[in-house]
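**Q** Before I ask anything, let me first share the structure, which is written out below as structure tokens.
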Amino acid sequence: MQAAELLNRLGVTRERFARGAFEVRSPIDGAVLGFVDHADAAAASAAVAAAHGAFRDWRVVPAPKRGELVRLFGEELRAAKEPLGRLVTLENGKILQEGLGEVQEMIDICDFAVGLSRQLHGLTIASERPGHRMMETWHPAGVCGVISAFNFPVAVWAWNAAIALVCGDPVVWKPSEKTPLTALAAHALLERAMARFGAAPPGLSQVVIGGRVVGELLADDPRVAVLSATGSTRMGREVAPRVAARFGRAILELGGNNAAIVGPSADLDLVERAVLFAAAGTAGQRCTTLRRLLVHESIYEPVVARLVAAYGRIRVGNPLEAATLVGPLIDGRAFEAMQAALAEARAEGGRVHHGERVTVPGAESGFYVRPALVEMPTQTALVWRETFAPVLYALRYRTLDAAIELHNAVPQGLASSIFTNDLREAEIFLSAAGSDCGIVNVNIGPSGAEIGGAFGGEKETGGGRESGSDAWKGYMRRATNTINYSRDLPLAQGIRFGAD
Ligand code: NAD
């Protein structure tokens, strides 16, 4: 099924994707999928104004009723999982299984948010004063801006939107300029849900297609109370000070440089399968992609030999075909960045296995590569950087302390793993002296998180948390309340003021 047909099925009207100044091409074979226009700052500002207007009404709708809208959205997503997943594959290039998985993640977060809509609870706190009670209440924060990256073109928005909407925040979404069509389609499904819901104030949820200008406007506009920005660390470095300058709240989900430690007791069958999915899956284009493999010296040679052989067998090809495990890179720039990293690795004494371009019949203009495994003598400046392509650097270590030091030496802090059957090693890695990341796993790879946990990372990954656990608190404002039900006015800290 072609893009136009899918968009039509998903409820996107022709004028939204059939004309416009910007061509949208598929990374699969370069085919033109549609045309869109980019909003300017004035249009983005108008969207924020409408969302700000919607906030006045939405914030007083009872949270479980707000959850009902998200429940309907989940229903729309369930019904549209196949066409939307396929459109993700056409526009982003990830394999169909992962395109469908991305939509499933949207469904899962809707389910989570519906339950959450009845659990936005605060604490009651013992007061030091007689006849007094203290408590915490949580209120909607205001408009939530969402800036998303190309590699999860719709799921990241859904993580934010489902939670923000039940929390009482209208949403203005600026998707990646590389994936506008899936954004229009996903938003059309929410529009369907809003129509069925019947009581969504105008402007409650909007998608604004555009580039940096729109993102900058969301960063600067004081009416955007919370800005959730997902993308490169470079982008976060630009966005964060702008939001901070107006004392706005930013949830930053930026680049990763994720590692796995393979200890002497590791189950090597598990390691092989986990590494293939985490390092080569999604063509290395996940923020949680495994980029560094730290292997104990006693098993380094067999582990690397096994992985090099497995890499040679990976089926690279058209992501719509069921047997394919690795689809194309997003564009030629990603290919060039990968090849430049491999050249740099060679110059630094690295031994490069695979990593070459693969020609896929019928899709010759797509940038397909065999994932690369690079044996590095040391953790050089190159290894410190996130190259957003399937390049896995392998390094050897002698002691767990040395491995953890190497692990934590990079500037990013998103996801991490240890493969071991030694309880002590696992617990040390999970402890305060272990991994410094936001996601720390044992015997599974660093990628493929479930929505139930809070997602995000430390250091240059930005420190934000979204999705499950108590990440909802980032979308609400907290009020501390003290209620006096006595006839006296005792002051805190026993202060005496005046006659009493
Ligand atoms: P990118 O930084 O190029 O773009 C991301 C988004 O930011 C796009 O919508 C873009 O238009 C916008 N943008 C760029 N510069 C901006 C600016 N100055 N002001 C406002 N908006 C701006 O990233 P990408 O290439 O689309 O995605 C890949 C990157 O995203 C990788 O670094 C990856 O690790 C990261 N990522 C992180 C997470 C996470 O949760 N931590 C998830 C997905 C992707």
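By convention here, the chains of the structure tokens are called A, B, ... in the order presented, each chain's residues are numbered starting at 1, and ligands are numbered starting at 1 in the order presented.
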Check which residues fall inside 6 Å of ligand 1 when counting only C-alpha atoms and all ligand atoms, and print them as an NGL selection string.
**A** :A and (147-152 or 175-177 or 211-212 or 215-216 or 230-232 or 235 or 238-239 or 253-256 or 287 or 456 or 461)
**Q** What's the 8 Å shell around range 69-76 of chain A, counting only C-alpha atoms, without same-chain residues fewer than 6 positions away, as a count of residues only?
**A** 16
**Q** Quick one: of A:Asp57, A:Glu460, A:Glu450, A:Glu348, who's nearest to Thr233 in chain A, counting only C-alpha atoms?
**A**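 Among the listed residues, A:Glu460 lies closest to Thr233 in chain A.
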**Q** For Gly457 in chain A, please output as number ranges by chain all residues within 12 Å (counting only C-alpha atoms; exclusion window: fewer than 6 positions along the same chain).
**A** A: 230, 233, 251-258, 287-288, 411-416, 435-440, 446, 463-466
**Q** Next, the residues of the selection above should be written as a PDB file, in the first residue's frame with N, CA and C atoms.
**A**
ATOM      1  N   THR A 230      13.072  16.212  22.372  1.00  0.00           N
ATOM      2  CA  THR A 230      13.821  14.970  22.118  1.00  0.00           C
ATOM      3  C   THR A 230      14.644  15.157  20.854  1.00  0.00           C
ATOM      4  N   THR A 233      22.070  16.057  21.388  1.00  0.00           N
ATOM      5  CA  THR A 233      22.597  16.906  22.457  1.00  0.00           C
ATOM      6  C   THR A 233      22.842  18.324  21.926  1.00  0.00           C
ATOM      7  N   ILE A 251      11.915  19.303  29.579  1.00  0.00           N
ATOM      8  CA  ILE A 251      12.186  17.863  29.745  1.00  0.00           C
ATOM      9  C   ILE A 251      13.069  17.505  28.560  1.00  0.00           C
ATOM     10  N   LEU A 252      14.343  17.248  28.827  1.00  0.00           N
ATOM     11  CA  LEU A 252      15.290  17.049  27.722  1.00  0.00           C
ATOM     12  C   LEU A 252      15.630  15.573  27.570  1.00  0.00           C
ATOM     13  N   GLU A 253      15.431  15.069  26.374  1.00  0.00           N
ATOM     14  CA  GLU A 253      15.709  13.654  26.056  1.00  0.00           C
ATOM     15  C   GLU A 253      16.681  13.666  24.891  1.00  0.00           C
ATOM     16  N   LEU A 254      17.986  13.623  25.202  1.00  0.00           N
ATOM     17  CA  LEU A 254      18.994  13.890  24.175  1.00  0.00           C
ATOM     18  C   LEU A 254      19.828  12.645  23.855  1.00  0.00           C
ATOM     19  N   GLY A 255      20.965  12.850  23.269  1.00  0.00           N
ATOM     20  CA  GLY A 255      21.752  11.738  22.733  1.00  0.00           C
ATOM     21  C   GLY A 255      22.254  10.769  23.797  1.00  0.00           C
ATOM     22  N   GLY A 256      22.499   9.548  23.353  1.00  0.00           N
ATOM     23  CA  GLY A 256      23.050   8.522  24.237  1.00  0.00           C
ATOM     24  C   GLY A 256      24.352   7.979  23.674  1.00  0.00           C
ATOM     25  N   ASN A 257      25.068   7.241  24.500  1.00  0.00           N
ATOM     26  CA  ASN A 257      26.290   6.555  24.043  1.00  0.00           C
ATOM     27  C   ASN A 257      26.394   5.303  24.908  1.00  0.00           C
ATOM     28  N   ASN A 258      25.486   4.397  24.641  1.00  0.00           N
ATOM     29  CA  ASN A 258      25.155   3.339  25.588  1.00  0.00           C
ATOM     30  C   ASN A 258      26.111   2.159  25.497  1.00  0.00           C
ATOM     31  N   CYS A 287      18.066   6.167  20.293  1.00  0.00           N
ATOM     32  CA  CYS A 287      18.869   6.875  21.295  1.00  0.00           C
ATOM     33  C   CYS A 287      19.497   5.870  22.250  1.00  0.00           C
ATOM     34  N   THR A 288      18.841   4.709  22.415  1.00  0.00           N
ATOM     35  CA  THR A 288      19.345   3.683  23.332  1.00  0.00           C
ATOM     36  C   THR A 288      20.183   2.619  22.617  1.00  0.00           C
ATOM     37  N   PRO A 411      30.460  11.453  27.973  1.00  0.00           N
ATOM     38  CA  PRO A 411      29.622  12.557  28.472  1.00  0.00           C
ATOM     39  C   PRO A 411      28.133  12.241  28.568  1.00  0.00           C
ATOM     40  N   GLN A 412      27.663  11.209  27.846  1.00  0.00           N
ATOM     41  CA  GLN A 412      26.224  10.916  27.854  1.00  0.00           C
ATOM     42  C   GLN A 412      25.901   9.907  28.965  1.00  0.00           C
ATOM     43  N   GLY A 413      24.617   9.800  29.327  1.00  0.00           N
ATOM     44  CA  GLY A 413      24.255   8.876  30.415  1.00  0.00           C
ATOM     45  C   GLY A 413      22.864   8.301  30.267  1.00  0.00           C
ATOM     46  N   LEU A 414      22.562   7.732  29.099  1.00  0.00           N
ATOM     47  CA  LEU A 414      21.189   7.263  28.895  1.00  0.00           C
ATOM     48  C   LEU A 414      20.972   5.815  29.370  1.00  0.00           C
ATOM     49  N   ALA A 415      21.447   4.826  28.617  1.00  0.00           N
ATOM     50  CA  ALA A 415      21.096   3.435  28.929  1.00  0.00           C
ATOM     51  C   ALA A 415      22.349   2.567  29.017  1.00  0.00           C
ATOM     52  N   SER A 416      22.227   1.486  29.800  1.00  0.00           N
ATOM     53  CA  SER A 416      23.411   0.660  30.041  1.00  0.00           C
ATOM     54  C   SER A 416      22.989  -0.752  30.419  1.00  0.00           C
ATOM     55  N   SER A 435      26.800   1.922  37.209  1.00  0.00           N
ATOM     56  CA  SER A 435      26.455   2.725  36.028  1.00  0.00           C
ATOM     57  C   SER A 435      25.863   4.066  36.437  1.00  0.00           C
ATOM     58  N   ASP A 436      26.245   5.122  35.719  1.00  0.00           N
ATOM     59  CA  ASP A 436      25.710   6.459  36.027  1.00  0.00           C
ATOM     60  C   ASP A 436      24.560   6.849  35.092  1.00  0.00           C
ATOM     61  N   CYS A 437      23.932   5.854  34.485  1.00  0.00           N
ATOM     62  CA  CYS A 437      22.884   6.142  33.492  1.00  0.00           C
ATOM     63  C   CYS A 437      21.484   6.180  34.111  1.00  0.00           C
ATOM     64  N   GLY A 438      20.525   6.670  33.312  1.00  0.00           N
ATOM     65  CA  GLY A 438      19.127   6.682  33.751  1.00  0.00           C
ATOM     66  C   GLY A 438      18.467   5.318  33.594  1.00  0.00           C
ATOM     67  N   ILE A 439      19.019   4.469  32.742  1.00  0.00           N
ATOM     68  CA  ILE A 439      18.477   3.130  32.518  1.00  0.00           C
ATOM     69  C   ILE A 439      19.619   2.143  32.713  1.00  0.00           C
ATOM     70  N   VAL A 440      19.439   1.209  33.635  1.00  0.00           N
ATOM     71  CA  VAL A 440      20.534   0.282  33.970  1.00  0.00           C
ATOM     72  C   VAL A 440      19.952  -1.130  34.004  1.00  0.00           C
ATOM     73  N   PRO A 446      20.566  -2.452  26.263  1.00  0.00           N
ATOM     74  CA  PRO A 446      20.135  -1.144  26.756  1.00  0.00           C
ATOM     75  C   PRO A 446      18.901  -0.574  26.051  1.00  0.00           C
ATOM     76  N   GLY A 463      18.838  14.743  31.426  1.00  0.00           N
ATOM     77  CA  GLY A 463      18.238  14.657  32.766  1.00  0.00           C
ATOM     78  C   GLY A 463      16.733  14.539  32.791  1.00  0.00           C
ATOM     79  N   GLY A 464      16.074  14.583  31.640  1.00  0.00           N
ATOM     80  CA  GLY A 464      14.602  14.512  31.629  1.00  0.00           C
ATOM     81  C   GLY A 464      14.095  13.099  31.867  1.00  0.00           C
ATOM     82  N   ARG A 465      12.855  12.995  32.313  1.00  0.00           N
ATOM     83  CA  ARG A 465      12.194  11.692  32.427  1.00  0.00           C
ATOM     84  C   ARG A 465      10.798  11.834  31.846  1.00  0.00           C
ATOM     85  N   GLU A 466      10.421  10.854  31.031  1.00  0.00           N
ATOM     86  CA  GLU A 466       9.058  10.853  30.498  1.00  0.00           C
ATOM     87  C   GLU A 466       8.532   9.428  30.500  1.00  0.00           C
TER      88      GLU A 466
END
**Q** What is the CA of Gln104 in chain A to CA of Tyr475 in chain A distance in Å?
**A**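 Here the two named atoms are 22.8 Å from each other.
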**Q** Counting only C-alpha atoms, figure out which residue out of A:Met135, A:Ala79, A:Ala50, A:Ala266 gets nearest to Asn481 in chain A.
**A**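 Of A:Met135, A:Ala79, A:Ala50, A:Ala266, the one nearest Asn481 in chain A, counting only C-alpha atoms, is A:Met135.
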**Q** Could you make a table, as CSV, of the residues of range 288-346 of chain A that have an atom within 8 Å of an atom of range 383-402 of chain A, each with its nearest atom pair and distance in Å to one decimal, counting only C-alpha atoms, in chain and number order?
**A**
residue,atom,partner,partner_atom,distance
A:Leu290,CA,A:Leu392,CA,6.8
A:Arg291,CA,A:Leu392,CA,4.6
A:Arg292,CA,A:Tyr393,CA,4.8
A:Leu293,CA,A:Ala394,CA,4.7
A:Leu294,CA,A:Leu395,CA,5.0
A:Val295,CA,A:Arg396,CA,4.8
A:His296,CA,A:Tyr397,CA,5.0
A:Glu297,CA,A:Arg396,CA,5.4
A:Tyr300,CA,A:Arg396,CA,6.4
A:Val304,CA,A:Ala394,CA,7.7
A:Leu329,CA,A:Ala389,CA,7.3
A:Ala334,CA,A:Ala389,CA,6.7
A:Phe335,CA,A:Ala389,CA,7.6
A:Ala337,CA,A:Thr387,CA,6.9
A:Met338,CA,A:Ala389,CA,5.9
A:Ala341,CA,A:Thr387,CA,7.2
**Q** Could the residues in this selection be written to a file with N, CA and C atoms, as a compact mmCIF listing (two decimals), in the first residue's frame?
**A**
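See out_14.txt below for the written result:
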# COMPACT_ATOMS: atom_id res chain seq x y z
N LEU A 290 22.98 0.28 21.35
CA LEU A 290 24.24 -0.14 21.98
C LEU A 290 25.40 0.34 21.10
N ARG A 291 26.27 1.17 21.68
CA ARG A 291 27.37 1.74 20.88
C ARG A 291 28.74 1.30 21.37
N ARG A 292 28.81 0.78 22.61
CA ARG A 292 30.11 0.36 23.17
C ARG A 292 29.92 -0.99 23.87
N LEU A 293 30.81 -1.92 23.53
CA LEU A 293 30.76 -3.25 24.15
C LEU A 293 32.07 -3.44 24.90
N LEU A 294 31.97 -3.57 26.23
CA LEU A 294 33.17 -3.70 27.06
C LEU A 294 33.24 -5.16 27.48
N VAL A 295 34.22 -5.88 26.95
CA VAL A 295 34.25 -7.33 27.12
C VAL A 295 35.46 -7.72 27.97
N HIS A 296 35.20 -8.64 28.93
CA HIS A 296 36.31 -9.09 29.79
C HIS A 296 37.37 -9.78 28.92
N GLU A 297 38.63 -9.51 29.25
CA GLU A 297 39.72 -10.00 28.40
C GLU A 297 39.72 -11.52 28.24
N TYR A 300 37.16 -12.07 25.41
CA TYR A 300 37.07 -11.06 24.36
C TYR A 300 37.12 -11.68 22.96
N VAL A 304 33.96 -11.51 20.29
CA VAL A 304 34.05 -10.67 19.09
C VAL A 304 33.94 -11.54 17.83
N LEU A 329 19.49 3.68 6.41
CA LEU A 329 19.70 4.87 7.24
C LEU A 329 18.74 5.94 6.77
N ALA A 334 23.57 10.70 7.14
CA ALA A 334 23.81 9.68 8.17
C ALA A 334 24.85 8.68 7.67
N PHE A 335 24.77 8.34 6.37
CA PHE A 335 25.74 7.41 5.78
C PHE A 335 27.15 8.01 5.83
N ALA A 337 28.26 10.33 7.83
CA ALA A 337 28.74 10.42 9.22
C ALA A 337 29.27 9.06 9.67
N MET A 338 28.58 8.00 9.25
CA MET A 338 29.04 6.65 9.63
C MET A 338 30.39 6.34 9.00
N ALA A 341 33.17 8.16 10.63
CA ALA A 341 33.52 7.58 11.93
C ALA A 341 34.39 6.34 11.72
**Q** So which residues touch Pro264 in chain A within 8 Å, counting only C-alpha atoms, skipping near sequence neighbours fewer than 6 positions away, as a ChimeraX atom specification?
**A** /A:296,298-299,420
**Q** Could you go through range 110-307 of chain A and tell me which residues DSSP, when run on the backbone, assigns to strand (DSSP E or B), listing them as a PyMOL selection string?
**A** chain A and resi 124-125+132-140+143-147+171-174+205-207+224-230+249-253+258-262+290-296
**Q** With distances taken over only C-alpha atoms, which of A:Thr282, A:Gln2, A:Asn408, A:Ser431 is nearest to Leu87 in chain A?
**A**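 Of A:Thr282, A:Gln2, A:Asn408, A:Ser431, the one nearest Leu87 in chain A is A:Gln2, counting only C-alpha atoms.
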**Q** Using only C-alpha atoms, determine which residues lie at most 9 Å from range 36-43 of chain A, disregarding the query and same-chain residues fewer than 3 positions distant; provide the list as a list in words.
**A** Glu15, Arg16, Phe17, Ala18, Arg19, Gly20, Ala21, Phe22, Glu23, Val24, Ala46, Ala47, Val48, Glu177, Pro180, Leu181, Val208, Ile209, Gly210, Gly211, Val213, Val214, Glu216 and Leu217 of chain A
**Q** Suppose we keep N, CA and C atoms; can you now write the selection as a PDB file, in the first residue's frame?
**A**
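Writing done, so here's part.pdb:
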ATOM      1  N   GLU A  15      -5.161  17.670   0.874  1.00  0.00           N
ATOM      2  CA  GLU A  15      -4.468  18.968   0.804  1.00  0.00           C
ATOM      3  C   GLU A  15      -3.361  19.097   1.847  1.00  0.00           C
ATOM      4  N   ARG A  16      -3.380  18.238   2.875  1.00  0.00           N
ATOM      5  CA  ARG A  16      -2.344  18.320   3.905  1.00  0.00           C
ATOM      6  C   ARG A  16      -1.053  17.622   3.475  1.00  0.00           C
ATOM      7  N   PHE A  17      -1.151  16.708   2.486  1.00  0.00           N
ATOM      8  CA  PHE A  17       0.086  16.014   2.104  1.00  0.00           C
ATOM      9  C   PHE A  17       0.374  16.010   0.607  1.00  0.00           C
ATOM     10  N   ALA A  18      -0.531  16.559  -0.194  1.00  0.00           N
ATOM     11  CA  ALA A  18      -0.332  16.448  -1.641  1.00  0.00           C
ATOM     12  C   ALA A  18       0.252  17.708  -2.257  1.00  0.00           C
ATOM     13  N   ARG A  19       0.204  18.820  -1.539  1.00  0.00           N
ATOM     14  CA  ARG A  19       0.857  20.011  -2.068  1.00  0.00           C
ATOM     15  C   ARG A  19       1.582  20.719  -0.938  1.00  0.00           C
ATOM     16  N   GLY A  20       2.613  21.431  -1.312  1.00  0.00           N
ATOM     17  CA  GLY A  20       3.433  22.093  -0.301  1.00  0.00           C
ATOM     18  C   GLY A  20       4.833  22.244  -0.866  1.00  0.00           C
ATOM     19  N   ALA A  21       5.608  23.110  -0.259  1.00  0.00           N
ATOM     20  CA  ALA A  21       6.919  23.445  -0.813  1.00  0.00           C
ATOM     21  C   ALA A  21       7.984  22.388  -0.492  1.00  0.00           C
ATOM     22  N   PHE A  22       7.709  21.538   0.493  1.00  0.00           N
ATOM     23  CA  PHE A  22       8.740  20.579   0.928  1.00  0.00           C
ATOM     24  C   PHE A  22       8.354  19.155   0.548  1.00  0.00           C
ATOM     25  N   GLU A  23       9.262  18.549  -0.234  1.00  0.00           N
ATOM     26  CA  GLU A  23       9.064  17.182  -0.684  1.00  0.00           C
ATOM     27  C   GLU A  23       9.410  16.215   0.459  1.00  0.00           C
ATOM     28  N   VAL A  24       8.621  15.172   0.624  1.00  0.00           N
ATOM     29  CA  VAL A  24       8.958  14.149   1.630  1.00  0.00           C
ATOM     30  C   VAL A  24       9.292  12.864   0.874  1.00  0.00           C
ATOM     31  N   ALA A  46       0.413  31.280  16.758  1.00  0.00           N
ATOM     32  CA  ALA A  46      -1.055  31.174  16.783  1.00  0.00           C
ATOM     33  C   ALA A  46      -1.469  29.833  17.394  1.00  0.00           C
ATOM     34  N   ALA A  47      -0.705  28.783  17.098  1.00  0.00           N
ATOM     35  CA  ALA A  47      -1.024  27.462  17.666  1.00  0.00           C
ATOM     36  C   ALA A  47      -0.855  27.499  19.187  1.00  0.00           C
ATOM     37  N   VAL A  48       0.196  28.142  19.638  1.00  0.00           N
ATOM     38  CA  VAL A  48       0.419  28.235  21.092  1.00  0.00           C
ATOM     39  C   VAL A  48      -0.712  29.054  21.731  1.00  0.00           C
ATOM     40  N   GLU A 177      11.313  17.425  10.950  1.00  0.00           N
ATOM     41  CA  GLU A 177      11.025  17.805   9.563  1.00  0.00           C
ATOM     42  C   GLU A 177      11.253  16.629   8.612  1.00  0.00           C
ATOM     43  N   PRO A 180       7.252  14.292   8.626  1.00  0.00           N
ATOM     44  CA  PRO A 180       6.009  15.043   8.868  1.00  0.00           C
ATOM     45  C   PRO A 180       4.736  14.231   8.597  1.00  0.00           C
ATOM     46  N   LEU A 181       4.813  13.246   7.707  1.00  0.00           N
ATOM     47  CA  LEU A 181       3.578  12.571   7.291  1.00  0.00           C
ATOM     48  C   LEU A 181       3.036  11.653   8.384  1.00  0.00           C
ATOM     49  N   VAL A 208       2.288  21.146  14.461  1.00  0.00           N
ATOM     50  CA  VAL A 208       2.795  22.247  13.639  1.00  0.00           C
ATOM     51  C   VAL A 208       4.014  21.723  12.876  1.00  0.00           C
ATOM     52  N   ILE A 209       3.832  21.541  11.574  1.00  0.00           N
ATOM     53  CA  ILE A 209       4.928  21.003  10.760  1.00  0.00           C
ATOM     54  C   ILE A 209       5.918  22.135  10.478  1.00  0.00           C
ATOM     55  N   GLY A 210       7.179  21.865  10.721  1.00  0.00           N
ATOM     56  CA  GLY A 210       8.169  22.911  10.449  1.00  0.00           C
ATOM     57  C   GLY A 210       9.527  22.517  10.971  1.00  0.00           C
ATOM     58  N   GLY A 211      10.460  23.423  10.790  1.00  0.00           N
ATOM     59  CA  GLY A 211      11.838  23.155  11.195  1.00  0.00           C
ATOM     60  C   GLY A 211      12.173  23.882  12.474  1.00  0.00           C
ATOM     61  N   VAL A 213      12.706  26.897  13.231  1.00  0.00           N
ATOM     62  CA  VAL A 213      12.010  28.133  13.605  1.00  0.00           C
ATOM     63  C   VAL A 213      10.869  27.843  14.575  1.00  0.00           C
ATOM     64  N   VAL A 214      10.139  26.767  14.273  1.00  0.00           N
ATOM     65  CA  VAL A 214       9.000  26.402  15.131  1.00  0.00           C
ATOM     66  C   VAL A 214       9.510  25.927  16.486  1.00  0.00           C
ATOM     67  N   GLU A 216      12.259  26.766  17.944  1.00  0.00           N
ATOM     68  CA  GLU A 216      12.775  27.919  18.703  1.00  0.00           C
ATOM     69  C   GLU A 216      11.637  28.724  19.303  1.00  0.00           C
ATOM     70  N   LEU A 217      10.552  28.828  18.555  1.00  0.00           N
ATOM     71  CA  LEU A 217       9.418  29.578  19.091  1.00  0.00           C
ATOM     72  C   LEU A 217       8.864  28.885  20.339  1.00  0.00           C
TER      73      LEU A 217
END
**Q** One decimal, in Å: what's the spacing between CA of Arg234 in chain A and CA of Trp159 in chain A?
**A**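 Computed distance, CA of Arg234 in chain A to CA of Trp159 in chain A, equals 22.2 Å.
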**Q** Fewer than 2 positions away in the same chain doesn't count, so skip those; otherwise give me all residues within 7 Å of Ile418 in chain A, counting only C-alpha atoms, as a CSV table (one decimal) with C-alpha atoms, in the first residue's frame.
**A**
chain,number,residue,atom,x,y,z
A,260,ALA,CA,27.2,-3.1,27.8
A,261,ILE,CA,29.7,-4.8,30.0
A,262,VAL,CA,30.2,-8.5,29.2
A,420,THR,CA,26.8,-11.5,34.0
A,426,ALA,CA,25.3,-7.3,38.8
A,441,ASN,CA,19.8,-3.3,32.9
A,442,VAL,CA,21.1,-6.8,33.7
A,443,ASN,CA,21.2,-9.5,31.1
